[in-house]
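Asker: Got a structure for you, written out below as structure tokens; questions coming shortly.
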Amino acid sequence: MAIRLRNTIRLPMLIFTENNLIGTKSYNKRFIMTTRTKLEKVLENLEKNPFFDKYANKIAKLQQTSPEEFLQRIESQEKKLQRKKVAVCLPKSNHIQCLWTMSFLTTNMQSSWTHIRKNNFSDHAFKHTYITTPIFYVNGVPHIGHAYTAVLADTIARYNAMLGSSVTLCTGTDEHGTKVEKAANAANLCIPEYCTKISSQFREMCDVFQVEYSHFIRTTEKRHQEAVHYFWNCLERNGHIYHGKYSGWYNVSEEAFVSDKEVVQRSTTNVNEAFTESGDVVEWTEEDSYKFRLTSFKDDISYWLKDENVIHPAVYRNTLIPWLDDLQDLSISRPITRVPWAIPTPSDESHTIYVWLDALVNYLTAVGYPDNSFREYWPPTVQVIGKDILKFHGIYWPAFLMAAGLEPPKKLVCHGHWIVKDEKMSKSKGNVISPFAAMNNFTQDGLRYFLLRHAMLKTDANYNELKIQNILNSELADTLGNLINRCFGKTINPKGIIYNSEYEDILTTEIARKNIRALEELSEKAKKYYEEYNFHDVVDTVMDTLRITNQMFEHLEPWHLSKSKHPDSIKKSEAVISLTLENLRVAALILYPIVPRLASNVLDFLKIPVQNRSWEDTKPLHLTKASNDMRHVSTQKILFFKKIKN
């Protein structure tokens, strides 16, 4: 039967009506019938598309457009698309992909376009929290900048696990490119052997500093090469790769082409001698290349970046936006004669795949791509990166994903550099600090604590050994460690009892009330700082509370109270110990994502069951009314953190 065009929604090649039967019309005038239920399913999936909101207003404006006017617009648009040779990617799954290449018409279907999407495009997102580090380049051994990135991501992962999320943390090594080849030659090793040797050091770094990764990916693995080929073929099939010529300045250090404005110094005698502002050498290069239509995604990247939460801190988001003004199509292959140590392109063995395209796909490989199981984890919840690779992750990476019909990451957490004597720590400059050497001076717990306690994401951090020593001695040895031992002194608590005294009704001095208030506020304050990735503020808040606890302990003098035989004095002494240990329990739980081993040692000593170590347990027991059974611990003095000596 014929279907009237009144009150319809039409997608390209589709006509949806408010009747119970829906027609799908092709240009040869055939109709395919379907049900309203199926229509609603299509619309529901369409609303989940991450770009739905972008086009929702335009769709709403077209609600009064007549079918005839709309058909004319569609035909006009299709002619333009043909002239521009822009391929339209049709989805294979029930998720509507490549939405940005399609136009829509809607009418008064209240269940569809008249409200903002109710669901996130990734309806599985609540099931998994997927966190990544950048994969570390094996042209040199690990330095503390790598260690910082890894423990930063691990801290985010552990915090989310305490909240009850199912967390997947991925890290690994990037093992292709000319710099790796040169490093292997300098070490007199064959390239695969060299890669394995350096990769194992990065794995060891993660293990030593308690980075509890779910997957450690290497880009030389067969599964990764297969994933990269699949991804390349997807981009090519969707019309986003073409063969052409490239000429421009090539940054040897970053293995990437740079724009003219990034070259700040040129030689008057030799055009090949030029440098970037940071001092990296650039060379003028002209060569055949496969190119990616990056410019086609300028508007979509801009739209993605409109979300103020997608790049954190905001200062880095602001640096990305100007780069869009000079966007050019991206060279994504190199002649194999120039870059032989790389993955060959699938259909042309005379070219190898650009190392950054290869490297970025690791985030997909690690969770099973191209097997459909990867969708359980996609998109990444948080991707931790350094500011020097922001352009690759904030422009190239989302564009690649959009071209493949996949969602960009939900958030990029970006951090500054570590500097030594006012210079960025860099393998090429030879001023790197080995995390293995540093831990010999400051311990694994101490170095991890300092890196997270001292650094702020939006600025560079200074590595200063005297400052490290002062911080560790003052905070871990004295404020935290010594306070624990004071509660179990022979005079105060010879039997090693953890009391369940109701201290809030017994300790009424001003300093005690101040300590109780600080304890009650600690969990919410720390949670806020964790959510903002301000780990230095987490530590500050914990240490401020423990300093108040120390003041309370000193003021109430439990060593005198415990000597008295008066019941009230004894009860007060027990309350002081109970309040102090409750502060320490909560502090250890909150510090667990930052220093997991040290915090676990404290919690084990206090005999806190593993099942009672979630974020919910960071609330003081007197607020939750949870049971706090009296228990005994070893009266032997425990050294939780040994003071660092010169």
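Residues are referred to by chain and number: the chain letter is A, B, ... according to the order shown in the structure tokens, the number counts from 1 in that chain, and ligands are numbered separately from 1 in the order shown.
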Can you pull out the residues contacting Phe436 (chain A)? Cut-off 8 Å, using only C-alpha atoms, and skip same-chain residues under 3 positions away; I want them as a list in words.
Answerer: Met205, Met439 and Asn440 of chain A
Asker: Please write the residues from the selection above to a file, keeping N, CA, C and O atoms, as a compact mmCIF listing (two decimals), in the first residue's frame.
Answerer:
# COMPACT_ATOMS: atom_id res chain seq x y z
N MET A 205 59.60 -1.55 35.83
CA MET A 205 59.28 -0.27 36.47
C MET A 205 57.84 -0.29 37.00
O MET A 205 57.58 0.13 38.14
N MET A 439 64.83 5.14 43.68
CA MET A 439 64.18 4.37 44.74
C MET A 439 65.20 3.80 45.72
O MET A 439 64.86 3.52 46.87
N ASN A 440 66.44 3.65 45.27
CA ASN A 440 67.47 3.20 46.20
C ASN A 440 67.73 4.23 47.29
O ASN A 440 68.11 3.90 48.41
Asker: Would you pick out the contacts of Phe442 (chain A) at 8 Å or less, using only C-alpha atoms, so that residues sharing its chain but fewer than 6 positions from it are not included, and give the list as an NGL selection string?
Answerer: :A and (468-469 or 644)
Asker: Produce a file of the selected residues containing all heavy atoms, as a short mmCIF file (atom, residue, chain, number, x, y, z; two decimals), in the first residue's frame.
Answerer:
data_model
loop_
_atom_site.label_atom_id
_atom_site.label_comp_id
_atom_site.auth_asym_id
_atom_site.auth_seq_id
_atom_site.Cartn_x
_atom_site.Cartn_y
_atom_site.Cartn_z
N ILE A 468 62.68 16.12 48.40
CA ILE A 468 62.13 14.77 48.57
C ILE A 468 62.40 14.27 49.98
O ILE A 468 61.51 13.77 50.67
CB ILE A 468 62.74 13.79 47.54
CG1 ILE A 468 62.43 14.24 46.11
CG2 ILE A 468 62.21 12.38 47.77
CD1 ILE A 468 63.12 13.40 45.05
N GLN A 469 63.63 14.41 50.43
CA GLN A 469 64.02 13.94 51.76
C GLN A 469 63.19 14.63 52.85
O GLN A 469 62.68 13.97 53.76
CB GLN A 469 65.51 14.21 52.00
CG GLN A 469 65.99 13.80 53.38
CD GLN A 469 67.48 14.06 53.56
OE1 GLN A 469 68.25 13.95 52.61
NE2 GLN A 469 67.88 14.40 54.77
N ILE A 644 64.86 9.18 55.93
CA ILE A 644 65.91 9.26 54.92
C ILE A 644 67.06 10.10 55.48
O ILE A 644 66.85 11.21 55.98
CB ILE A 644 65.38 9.91 53.62
CG1 ILE A 644 64.11 9.18 53.14
CG2 ILE A 644 66.46 9.91 52.55
CD1 ILE A 644 64.31 7.75 52.77
#
Asker: Just want the 10 Å neighbourhood of Cys206 (chain A), counted on only C-alpha atoms, with same-chain residues fewer than 6 positions away dropped. Output as a ChimeraX atom specification.
Answerer: /A:146-147,150-151,154,171-172,200,212-213,216
Asker: Would you export the selected residues with N, CA and C atoms as a tab-separated table (two decimals), in the first residue's frame, please?
Answerer:
chain	number	residue	atom	x	y	z
A	146	HIS	N	58.44	8.72	33.11
A	146	HIS	CA	57.64	7.54	32.77
A	146	HIS	C	56.99	6.98	34.03
A	147	ALA	N	57.76	6.90	35.11
A	147	ALA	CA	57.22	6.36	36.36
A	147	ALA	C	56.05	7.19	36.85
A	150	ALA	N	52.91	6.47	34.85
A	150	ALA	CA	52.37	5.16	35.18
A	150	ALA	C	51.66	5.15	36.54
A	151	VAL	N	52.28	5.76	37.56
A	151	VAL	CA	51.66	5.74	38.88
A	151	VAL	C	50.46	6.68	38.93
A	154	ASP	N	47.73	4.57	37.56
A	154	ASP	CA	47.42	3.53	38.54
A	154	ASP	C	46.61	4.08	39.70
A	171	THR	N	48.85	-0.57	29.85
A	171	THR	CA	50.10	0.14	29.59
A	171	THR	C	50.91	-0.71	28.63
A	172	GLY	N	52.13	-0.29	28.32
A	172	GLY	CA	52.95	-1.08	27.41
A	172	GLY	C	54.05	-0.26	26.77
A	200	SER	N	61.17	-4.92	28.77
A	200	SER	CA	61.16	-5.62	30.06
A	200	SER	C	61.50	-4.66	31.20
A	212	GLU	N	49.38	-1.65	38.90
A	212	GLU	CA	48.65	-2.91	38.76
A	212	GLU	C	47.90	-2.94	37.43
A	213	TYR	N	48.64	-3.17	36.36
A	213	TYR	CA	48.06	-3.15	35.01
A	213	TYR	C	47.32	-4.44	34.71
A	216	PHE	N	49.65	-5.51	29.40
A	216	PHE	CA	50.89	-4.84	28.99
A	216	PHE	C	51.08	-5.14	27.51
Asker: Return as JSON lines the residues of region 359-478 of chain A lying at most 8 Å from region 319-331 of chain A, together with the closest atom-to-atom pair for each and the distance in Å to one decimal, counting only C-alpha atoms, with rows in chain order and ascending residue number.
Answerer:
{"residue": "A:Leu390", "atom": "CA", "partner": "A:Leu320", "partner_atom": "CA", "distance": 7.7}
{"residue": "A:Lys391", "atom": "CA", "partner": "A:Leu320", "partner_atom": "CA", "distance": 6.8}
{"residue": "A:Gly394", "atom": "CA", "partner": "A:Leu320", "partner_atom": "CA", "distance": 7.0}
{"residue": "A:Ile395", "atom": "CA", "partner": "A:Leu320", "partner_atom": "CA", "distance": 7.7}
